[in-house]
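Reviewing the structure listed below.
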Amino acid sequence: MRKKTIIMTVTLVFLIVFGIGVWLYSEHDTSPISHENMEKELQEHSKDPNNPTEDDEQTNIGPLKPAEEISKEFGETIQSTIQFFTGKQHRIVAIGDSLTQGVGDNTGQGGYVGILDKHLNADKTIVTIENYGKRGNRTNQLLKRMEDPEIKQSLTNADIIIITIGANDIMQVVKENFTEITYEIFSEERGQYEERLRKIFSTLQELNPDASVYLVGFYNPFQQYFEHIKELEMIVDDWNHTSNQVANDYGAIFIPTKDLFVTEEVNLFADDHFHPNEYGYRRMAERILNYLVVD
């Protein structure tokens, strides 16, 4: 009963603060996105960077760096990636939800996809990048969009496919069970999410068995406000575990992001306190590039 009450309380708070409306957009536009074209925080936290928590030690993120140092490290990663791609033909297709679309990046770069495109192709085009991210997409909607001839052809021709999907599946659980939210409901829905995710990977294998596929994991945007509520961590960890397992089963690569957003020295979230801002997307881009180079 206590677990049910805690999750219902948290659900009420983040629905009021963030609003379900930020997830819902039209489902009809399938063309690639052009990269050219709450109130105050719920409470104040102060962690001593010289006295990291147990979670900090487990994720090995170390002392947090200011935005300037993040930019320097990102530049070094970009250069190593350019060297890795030079002399090769690469077509990258990104598909998924608002994280692929780049919601929250008010610089106009287009989130992690736009950042990759801008920096990798700064001097000359070394990779072709197409973005089919759509705000609000759930796994069932992504499956439907993958039937679109344009998207299907793009996926068929891709060398690298990057996916962000699943956060809206979690939000759908909240919407459909608003008056009776329990940890068990999220566990049950995770099974349905796994089934749909497997269909996505199976479809990709049929369309393009030679492509390298990467699935970007979940982060926990509520940790900064509700770090004492372990159920939220459990939900994110469980869904990440399922995503990782499915990716492994299909020979794809799972890219974790949860540790990237454990920070207090640099604000990594947009004004909606949910999507990443420029620096959050830059961290995602750097992590993704590191995995691409390793592969």
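Residues are named by chain letter and number: chains run A, B, ... in the order of the structure tokens, numbers start at 1 in each chain, and ligands are numbered from 1 in the order shown.
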
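Proximity to range 83-85 of chain A at 9 Å, evaluated using only C-alpha atoms and with sequence-adjacent residues fewer than 6 positions away removed, yields Ile126, Val127 and Val293 of chain A.
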
Go ahead and dump the residues you just picked, N, CA and C atoms, as an mmCIF file, in the first residue's frame.
data_model
loop_
_atom_site.group_PDB
_atom_site.id
_atom_site.type_symbol
_atom_site.label_atom_id
_atom_site.label_comp_id
_atom_site.auth_asym_id
_atom_site.auth_seq_id
_atom_site.Cartn_x
_atom_site.Cartn_y
_atom_site.Cartn_z
ATOM 1 N N ILE A 126 31.102 13.959 -44.420
ATOM 2 C CA ILE A 126 31.705 12.627 -44.268
ATOM 3 C C ILE A 126 30.647 11.576 -43.925
ATOM 4 N N VAL A 127 29.484 12.054 -43.457
ATOM 5 C CA VAL A 127 28.364 11.144 -43.200
ATOM 6 C C VAL A 127 27.070 11.834 -43.637
ATOM 7 N N VAL A 293 32.437 4.710 -32.585
ATOM 8 C CA VAL A 293 33.851 4.519 -32.881
ATOM 9 C C VAL A 293 34.320 3.149 -32.409
#

Name the residues in contact with Gln101 in chain A at a cut-off of 8 Å, using only C-alpha atoms, excluding same-chain residues fewer than 3 positions from it; report them as a short mmCIF file (atom, residue, chain, number, x, y, z; two decimals) with C-alpha atoms, in the first residue's frame.
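Final output, saved to out-v9.cif:
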data_model
loop_
_atom_site.label_atom_id
_atom_site.label_comp_id
_atom_site.auth_asym_id
_atom_site.auth_seq_id
_atom_site.Cartn_x
_atom_site.Cartn_y
_atom_site.Cartn_z
CA ILE A 33 13.69 17.20 -39.69
CA GLY A 96 12.29 7.53 -32.58
CA ASP A 97 10.68 10.05 -30.26
CA SER A 98 11.29 13.60 -29.01
CA GLY A 110 18.26 19.80 -33.40
CA GLY A 111 19.37 17.87 -30.34
CA VAL A 113 21.27 14.35 -34.13
CA ASN A 131 16.35 12.36 -38.73
CA TYR A 132 12.93 10.75 -38.35
CA GLY A 133 12.36 11.64 -34.71
CA LYS A 134 8.80 12.52 -33.77
CA ARG A 135 7.68 13.93 -30.48
#

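Neighbouring residues of Val246 in chain A at 8 Å or closer, counting only C-alpha atoms and skipping chain neighbours under 4 positions away, are Glu194, Leu197, Arg198, Thr242 and Tyr250 of chain A.
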
Checklist entry - Which of range 85-144 of chain A counts as strand (DSSP E or B) under DSSP, as a VMD selection string please? => result chain A and resid 91 to 96 128 to 133

From a DSSP pass on the backbone, collect the residues of range 76-169 of chain A flagged as alpha helix (DSSP H) and hand them back as a PDB file with C-alpha atoms, in the first residue's frame.
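Result file is result-v4.pdb:
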ATOM      1  CA  GLU A  76      38.147  15.855 -28.936  1.00  0.00           C
ATOM      2  CA  THR A  77      35.558  13.120 -29.445  1.00  0.00           C
ATOM      3  CA  ILE A  78      34.374  14.747 -32.670  1.00  0.00           C
ATOM      4  CA  GLN A  79      37.912  14.806 -34.067  1.00  0.00           C
ATOM      5  CA  SER A  80      38.524  11.145 -33.273  1.00  0.00           C
ATOM      6  CA  THR A  81      35.204  10.225 -34.881  1.00  0.00           C
ATOM      7  CA  ILE A  82      35.972  12.205 -38.040  1.00  0.00           C
ATOM      8  CA  GLN A  83      39.251  10.307 -38.333  1.00  0.00           C
ATOM      9  CA  PHE A  84      37.386   7.032 -37.840  1.00  0.00           C
ATOM     10  CA  PHE A  85      34.845   7.817 -40.578  1.00  0.00           C
ATOM     11  CA  SER A  98      11.290  13.603 -29.006  1.00  0.00           C
ATOM     12  CA  LEU A  99      14.881  12.842 -28.022  1.00  0.00           C
ATOM     13  CA  THR A 100      15.681  12.109 -31.655  1.00  0.00           C
ATOM     14  CA  GLN A 101      13.655  15.113 -32.796  1.00  0.00           C
ATOM     15  CA  GLY A 111      19.370  17.874 -30.342  1.00  0.00           C
ATOM     16  CA  TYR A 112      21.974  15.128 -30.454  1.00  0.00           C
ATOM     17  CA  VAL A 113      21.274  14.355 -34.133  1.00  0.00           C
ATOM     18  CA  GLY A 114      21.746  17.958 -35.176  1.00  0.00           C
ATOM     19  CA  ILE A 115      24.895  18.273 -33.081  1.00  0.00           C
ATOM     20  CA  LEU A 116      26.384  15.196 -34.770  1.00  0.00           C
ATOM     21  CA  ASP A 117      25.468  16.514 -38.195  1.00  0.00           C
ATOM     22  CA  LYS A 118      26.824  19.997 -37.545  1.00  0.00           C
ATOM     23  CA  HIS A 119      30.182  18.913 -36.151  1.00  0.00           C
ATOM     24  CA  LEU A 120      30.914  15.781 -38.165  1.00  0.00           C
ATOM     25  CA  THR A 139       6.784   1.837 -29.704  1.00  0.00           C
ATOM     26  CA  ASN A 140       3.483   0.977 -31.414  1.00  0.00           C
ATOM     27  CA  GLN A 141       3.520   4.295 -33.290  1.00  0.00           C
ATOM     28  CA  LEU A 142       7.127   3.825 -34.352  1.00  0.00           C
ATOM     29  CA  LEU A 143       6.235   0.400 -35.731  1.00  0.00           C
ATOM     30  CA  LYS A 144       3.488   2.012 -37.787  1.00  0.00           C
ATOM     31  CA  ARG A 145       5.781   4.762 -39.066  1.00  0.00           C
ATOM     32  CA  PRO A 149       7.722   4.029 -47.828  1.00  0.00           C
ATOM     33  CA  GLU A 150      10.112   6.939 -47.282  1.00  0.00           C
ATOM     34  CA  ILE A 151      11.204   5.788 -43.841  1.00  0.00           C
ATOM     35  CA  LYS A 152      11.389   2.168 -44.949  1.00  0.00           C
ATOM     36  CA  GLN A 153      13.669   3.094 -47.850  1.00  0.00           C
ATOM     37  CA  SER A 154      15.848   5.241 -45.606  1.00  0.00           C
ATOM     38  CA  LEU A 155      16.263   2.418 -43.099  1.00  0.00           C
ATOM     39  CA  THR A 156      17.031  -0.029 -45.894  1.00  0.00           C
ATOM     40  CA  ASN A 157      19.873   2.169 -47.166  1.00  0.00           C
ATOM     41  CA  ALA A 167       9.700   7.042 -22.646  1.00  0.00           C
ATOM     42  CA  ASN A 168       6.240   7.713 -24.021  1.00  0.00           C
ATOM     43  CA  ASP A 169       5.285   4.096 -23.359  1.00  0.00           C
TER      44      ASP A 169
END

Checklist entry - CA of Phe274 in chain A and CA of Pro221 in chain A are how many Å apart? => result 5.5 Å

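The smallest atom-to-atom distance between Phe74 in chain A and any of A:Asn290, A:Asn208, A:Asn137, A:Asn244, using only C-alpha atoms, is found for A:Asn290.
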